[in-house]
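Before any comments, here is the structure.
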Amino acid sequence: WVVDADGQPRAWHGQVLGPQGEQLTPLLVACADTGSPCSALRVRGPELLADIGSAALPEACRQRALALGFRSAVCLPLRRSEAIYGLFAITASEPAAFGHEEVALLDELAGDMAFGIATLRLRHDEEEGRRRLEKALEETIGAIAGTIEARDPYTAGHQRQVAQLAGAIARRLGFDEDAVKGIMRGASIHDIGKVSVPAEILNRPGRLNELEFDLVRTHPRSGHDIVKDIEFPWPLAEMILQHHERMDGSGYPRGLKGDEILVEARVLAVADVADAMRSHRPYRLAVPLEQVIAELRAGSGRLYDAAAAEACIEILLAMPGK
């Protein structure tokens, strides 16, 4: 039997039946003065009851044990360093069933069990820590995205759509789920830098002049600077900084080329262009799907990562209603 430090059963082999055939709770002998099976939990070491009939037990405990057919027992605490996780107890129907060699072997087994319990608890704590971190990251990213949405609903809706499309592209390209999650997180805030651009410029109908366009072009670096000091498990700041770079070096802000551009940013760039063209803006109507595909094919390998562009085209063509 294995019981926890509170005397509650966690695992056992076999059944103990009462007078009416009912199954009894598989605790060894719960001493009334301790509330725990035997005293091994108090002394923190093995306890051998070679003959329960003559052992120093409260009479009520002895009579109950004898009535259940117990004649000898060995109790071993499941201990690891200073921690006690519970008790490992074995009973027998005859006296002196356990010798010192058996007790030593069982004590080693109890140590292995305690090590296993400690390891499982550590994994549980680590997993719980990861869940808390993930929740904190979600809340941080959600707060950032909410800041954009409150100021510019067009940009906010665009970011959500880009995140879904970028995630679909990444999956089609064989990215693992953690990388897909990172790409989607980065895509969901990739335009955060536009908070530094006056809303009247972002939402103005018609073409921008050169000075206004230069101001809009600062948003990748502004976005990078906003999130660069936040610790994420993915390179979100670089994704934001690079999502307007182009394969031939004609992009901004750094004019990166080819493999100099983060692969996540290359996926994001394709999704960003595709969704921007397919979405209505204050200054223009949405572009037909055929023109979006034509743009991606014309820029494949030159402006856009070829594999990402092809994956995006396949996804767009498969969309219901297109």
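Ligands are numbered from 1 in the order shown, chains are lettered A, B, ... in the order of the structure tokens, and residues start at 1 in each chain.
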
What's the 10 Å shell around stretch 270-285 of chain A, counting only C-alpha atoms, without same-chain residues fewer than 5 positions away, as a PyMOL selection string? chain A and resi 154-155+157-159+161-169+187+190-191+202-208+243-244+246+265+291-293+295-296+299-300+303-306+308-313+316

Dump as a short mmCIF file (atom, residue, chain, number, x, y, z; two decimals), in the first residue's frame, selection limited to N, CA and C atoms:
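Result saved to result05.cif:
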data_model
loop_
_atom_site.label_atom_id
_atom_site.label_comp_id
_atom_site.auth_asym_id
_atom_site.auth_seq_id
_atom_site.Cartn_x
_atom_site.Cartn_y
_atom_site.Cartn_z
N TYR A 154 -8.93 49.57 -38.20
CA TYR A 154 -8.49 48.96 -39.46
C TYR A 154 -7.22 48.15 -39.24
N THR A 155 -6.25 48.75 -38.57
CA THR A 155 -4.99 48.06 -38.31
C THR A 155 -5.21 46.84 -37.43
N GLY A 157 -7.90 44.88 -37.02
CA GLY A 157 -8.48 43.77 -37.77
C GLY A 157 -7.48 43.15 -38.73
N HIS A 158 -6.68 43.97 -39.34
CA HIS A 158 -5.64 43.49 -40.25
C HIS A 158 -4.66 42.57 -39.52
N GLN A 159 -4.24 42.95 -38.33
CA GLN A 159 -3.28 42.15 -37.58
C GLN A 159 -3.85 40.77 -37.24
N GLN A 161 -6.13 39.10 -38.88
CA GLN A 161 -6.21 38.31 -40.11
C GLN A 161 -4.83 37.86 -40.57
N VAL A 162 -3.85 38.73 -40.45
CA VAL A 162 -2.48 38.36 -40.82
C VAL A 162 -1.98 37.23 -39.93
N ALA A 163 -2.32 37.28 -38.65
CA ALA A 163 -1.89 36.23 -37.74
C ALA A 163 -2.44 34.87 -38.17
N GLN A 164 -3.72 34.81 -38.54
CA GLN A 164 -4.31 33.55 -38.99
C GLN A 164 -3.67 33.06 -40.28
N LEU A 165 -3.46 33.98 -41.23
CA LEU A 165 -2.88 33.59 -42.51
C LEU A 165 -1.41 33.18 -42.34
N ALA A 166 -0.66 33.92 -41.55
CA ALA A 166 0.74 33.57 -41.32
C ALA A 166 0.86 32.22 -40.64
N GLY A 167 -0.03 31.93 -39.69
CA GLY A 167 0.00 30.63 -39.04
C GLY A 167 -0.29 29.50 -40.02
N ALA A 168 -1.25 29.72 -40.91
CA ALA A 168 -1.58 28.71 -41.92
C ALA A 168 -0.41 28.49 -42.88
N ILE A 169 0.27 29.56 -43.27
CA ILE A 169 1.44 29.43 -44.15
C ILE A 169 2.54 28.64 -43.45
N ALA A 187 2.74 38.24 -35.59
CA ALA A 187 1.84 38.83 -36.58
C ALA A 187 0.72 39.62 -35.92
N HIS A 190 2.29 43.03 -35.26
CA HIS A 190 3.37 43.48 -36.13
C HIS A 190 3.30 44.96 -36.49
N ASP A 191 2.12 45.54 -36.39
CA ASP A 191 1.97 46.98 -36.71
C ASP A 191 1.86 47.86 -35.47
N LEU A 202 -2.72 57.71 -41.18
CA LEU A 202 -3.05 56.31 -41.43
C LEU A 202 -4.40 56.16 -42.13
N ASN A 203 -5.35 57.00 -41.79
CA ASN A 203 -6.72 56.84 -42.29
C ASN A 203 -7.09 57.84 -43.38
N ARG A 204 -6.11 58.54 -43.92
CA ARG A 204 -6.42 59.57 -44.91
C ARG A 204 -6.77 58.95 -46.26
N PRO A 205 -7.85 59.33 -46.87
CA PRO A 205 -8.14 58.89 -48.24
C PRO A 205 -7.12 59.51 -49.20
N GLY A 206 -6.78 58.77 -50.23
CA GLY A 206 -5.85 59.31 -51.23
C GLY A 206 -4.41 58.99 -50.90
N ARG A 207 -3.54 59.40 -51.80
CA ARG A 207 -2.12 59.09 -51.68
C ARG A 207 -1.44 60.00 -50.66
N LEU A 208 -0.42 59.44 -50.00
CA LEU A 208 0.38 60.22 -49.05
C LEU A 208 1.51 60.91 -49.80
N HIS A 243 9.44 42.94 -40.98
CA HIS A 243 8.32 42.46 -41.80
C HIS A 243 8.10 43.26 -43.08
N HIS A 244 8.84 44.36 -43.27
CA HIS A 244 8.79 45.08 -44.54
C HIS A 244 10.09 44.95 -45.33
N ARG A 246 12.55 43.00 -47.97
CA ARG A 246 12.25 42.25 -49.19
C ARG A 246 13.48 41.45 -49.63
N ALA A 265 9.96 36.36 -40.30
CA ALA A 265 9.61 37.65 -40.89
C ALA A 265 9.26 37.50 -42.36
N GLN A 291 -5.69 39.58 -58.48
CA GLN A 291 -4.59 40.54 -58.45
C GLN A 291 -3.64 40.25 -57.29
N VAL A 292 -4.18 39.78 -56.18
CA VAL A 292 -3.33 39.41 -55.05
C VAL A 292 -2.40 38.28 -55.46
N ILE A 293 -2.96 37.25 -56.10
CA ILE A 293 -2.16 36.10 -56.53
C ILE A 293 -1.14 36.53 -57.58
N GLU A 295 0.27 39.45 -57.82
CA GLU A 295 1.33 40.17 -57.12
C GLU A 295 2.30 39.21 -56.44
N LEU A 296 1.75 38.18 -55.76
CA LEU A 296 2.61 37.22 -55.07
C LEU A 296 3.47 36.45 -56.06
N GLY A 299 6.24 38.69 -57.47
CA GLY A 299 7.30 39.01 -56.51
C GLY A 299 7.96 37.80 -55.89
N SER A 300 7.50 36.59 -56.24
CA SER A 300 8.05 35.37 -55.64
C SER A 300 9.54 35.24 -55.94
N LEU A 303 10.82 39.66 -54.35
CA LEU A 303 10.40 40.44 -53.20
C LEU A 303 10.05 39.56 -52.00
N TYR A 304 9.41 38.43 -52.30
CA TYR A 304 8.88 37.58 -51.25
C TYR A 304 9.54 36.21 -51.27
N ASP A 305 9.65 35.60 -50.12
CA ASP A 305 10.15 34.23 -50.02
C ASP A 305 9.30 33.33 -50.92
N ALA A 306 9.95 32.59 -51.80
CA ALA A 306 9.22 31.83 -52.82
C ALA A 306 8.32 30.76 -52.20
N ALA A 308 7.06 30.63 -49.15
CA ALA A 308 5.97 31.26 -48.40
C ALA A 308 4.92 31.81 -49.36
N ALA A 309 5.36 32.41 -50.47
CA ALA A 309 4.41 32.97 -51.44
C ALA A 309 3.57 31.87 -52.05
N GLU A 310 4.19 30.75 -52.40
CA GLU A 310 3.45 29.64 -53.01
C GLU A 310 2.47 29.04 -52.01
N ALA A 311 2.90 28.88 -50.77
CA ALA A 311 2.00 28.35 -49.74
C ALA A 311 0.81 29.29 -49.53
N CYS A 312 1.06 30.58 -49.54
CA CYS A 312 -0.01 31.56 -49.37
C CYS A 312 -1.01 31.47 -50.53
N ILE A 313 -0.52 31.35 -51.75
CA ILE A 313 -1.40 31.23 -52.92
C ILE A 313 -2.30 30.00 -52.79
N LEU A 316 -4.99 30.72 -50.20
CA LEU A 316 -6.00 31.66 -50.69
C LEU A 316 -6.94 31.00 -51.67
#

Within stretch 77-120 of chain A, find each residue whose DSSP state, derived from the backbone, is alpha helix (DSSP H), and express the selection as a PyMOL selection string. chain A and resi 100-120

Long-range neighbours of stretch 46-61 of chain A as a list in words, 6 Å cut-off, only C-alpha atoms, 5 positions minimum in chain: Val29, Ala40, Arg71, Ser72, Ala73, Val74, Cys75, Leu76, Pro95 and Ala96 of chain A

Selected residues written out, N, CA, C and O atoms, as a short mmCIF file (atom, residue, chain, number, x, y, z; two decimals), in the first residue's frame:
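Below is the file that was written, selection-v6.cif:
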data_model
loop_
_atom_site.label_atom_id
_atom_site.label_comp_id
_atom_site.auth_asym_id
_atom_site.auth_seq_id
_atom_site.Cartn_x
_atom_site.Cartn_y
_atom_site.Cartn_z
N VAL A 29 -2.37 0.53 9.84
CA VAL A 29 -2.99 0.68 11.14
C VAL A 29 -2.86 2.14 11.51
O VAL A 29 -1.76 2.62 11.75
N ALA A 40 6.36 5.53 11.19
CA ALA A 40 7.49 5.74 10.28
C ALA A 40 7.55 7.17 9.78
O ALA A 40 8.63 7.69 9.52
N ARG A 71 -0.37 -10.00 10.56
CA ARG A 71 0.45 -10.52 11.64
C ARG A 71 1.81 -9.85 11.69
O ARG A 71 2.45 -9.82 12.74
N SER A 72 2.28 -9.31 10.58
CA SER A 72 3.53 -8.54 10.56
C SER A 72 3.44 -7.50 9.46
O SER A 72 2.60 -7.60 8.56
N ALA A 73 4.30 -6.53 9.58
CA ALA A 73 4.26 -5.43 8.60
C ALA A 73 5.59 -4.69 8.58
O ALA A 73 6.36 -4.75 9.55
N VAL A 74 5.86 -4.03 7.47
CA VAL A 74 6.99 -3.13 7.39
C VAL A 74 6.48 -1.83 6.79
O VAL A 74 5.73 -1.84 5.80
N CYS A 75 6.82 -0.70 7.42
CA CYS A 75 6.40 0.62 6.96
C CYS A 75 7.65 1.42 6.59
O CYS A 75 8.59 1.49 7.38
N LEU A 76 7.63 2.03 5.40
CA LEU A 76 8.79 2.79 4.94
C LEU A 76 8.35 4.15 4.45
O LEU A 76 7.49 4.23 3.56
N PRO A 95 3.69 -13.95 11.28
CA PRO A 95 4.68 -13.15 12.00
C PRO A 95 6.07 -13.31 11.36
O PRO A 95 6.35 -14.29 10.66
N ALA A 96 6.93 -12.33 11.62
CA ALA A 96 8.34 -12.37 11.20
C ALA A 96 8.49 -12.65 9.71
O ALA A 96 9.39 -13.38 9.28
#

Long-range neighbours of A:Gly193 as a PDB file with all heavy atoms, in the first residue's frame, 7 Å cut-off, only C-alpha atoms, 3 positions minimum in chain:
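The resulting file, part.pdb, is reproduced below:
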ATOM      1  N   SER A 196       2.830  55.363 -33.271  1.00  0.00           N
ATOM      2  CA  SER A 196       3.639  56.588 -33.338  1.00  0.00           C
ATOM      3  C   SER A 196       3.310  57.426 -34.576  1.00  0.00           C
ATOM      4  O   SER A 196       3.860  58.511 -34.756  1.00  0.00           O
ATOM      5  CB  SER A 196       5.127  56.238 -33.349  1.00  0.00           C
ATOM      6  OG  SER A 196       5.472  55.513 -34.517  1.00  0.00           O
ATOM      7  N   HIS A 219       7.343  52.778 -38.783  1.00  0.00           N
ATOM      8  CA  HIS A 219       6.609  51.961 -37.822  1.00  0.00           C
ATOM      9  C   HIS A 219       7.273  50.615 -37.486  1.00  0.00           C
ATOM     10  O   HIS A 219       7.133  50.151 -36.352  1.00  0.00           O
ATOM     11  CB  HIS A 219       5.143  51.760 -38.264  1.00  0.00           C
ATOM     12  CG  HIS A 219       4.938  50.715 -39.307  1.00  0.00           C
ATOM     13  ND1 HIS A 219       5.015  50.983 -40.652  1.00  0.00           N
ATOM     14  CD2 HIS A 219       4.636  49.393 -39.213  1.00  0.00           C
ATOM     15  CE1 HIS A 219       4.763  49.892 -41.337  1.00  0.00           C
ATOM     16  NE2 HIS A 219       4.536  48.912 -40.486  1.00  0.00           N
ATOM     17  N   PRO A 220       8.022  49.959 -38.407  1.00  0.00           N
ATOM     18  CA  PRO A 220       8.680  48.720 -37.980  1.00  0.00           C
ATOM     19  C   PRO A 220       9.706  48.952 -36.869  1.00  0.00           C
ATOM     20  O   PRO A 220       9.758  48.184 -35.897  1.00  0.00           O
ATOM     21  CB  PRO A 220       9.347  48.210 -39.263  1.00  0.00           C
ATOM     22  CG  PRO A 220       8.543  48.799 -40.375  1.00  0.00           C
ATOM     23  CD  PRO A 220       8.168  50.156 -39.875  1.00  0.00           C
ATOM     24  N   SER A 222       9.789  51.550 -34.789  1.00  0.00           N
ATOM     25  CA  SER A 222       9.071  51.977 -33.588  1.00  0.00           C
ATOM     26  C   SER A 222       8.466  50.782 -32.865  1.00  0.00           C
ATOM     27  O   SER A 222       8.533  50.685 -31.631  1.00  0.00           O
ATOM     28  CB  SER A 222       7.969  52.970 -33.965  1.00  0.00           C
ATOM     29  OG  SER A 222       8.500  54.150 -34.515  1.00  0.00           O
ATOM     30  N   GLY A 223       7.882  49.858 -33.632  1.00  0.00           N
ATOM     31  CA  GLY A 223       7.314  48.655 -33.030  1.00  0.00           C
ATOM     32  C   GLY A 223       8.379  47.810 -32.351  1.00  0.00           C
ATOM     33  O   GLY A 223       8.174  47.287 -31.251  1.00  0.00           O
TER      34      GLY A 223
END

Counting only C-alpha atoms, which residue out of A:Gly69, A:Pro288, A:Pro233, A:Gly182 sits closest to A:Thr91? A:Gly69

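Taking only C-alpha atoms into account, A:Glu264 lies nearest to A:Ile183 out of the set A:Ile183, A:Ala298, A:Val195, A:Ile201.
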
Using backbone DSSP assignments, extract all strand (DSSP E) residues from stretch 42-258 of chain A; output them as a PyMOL selection string. chain A and resi 47-49+72-80+83-92
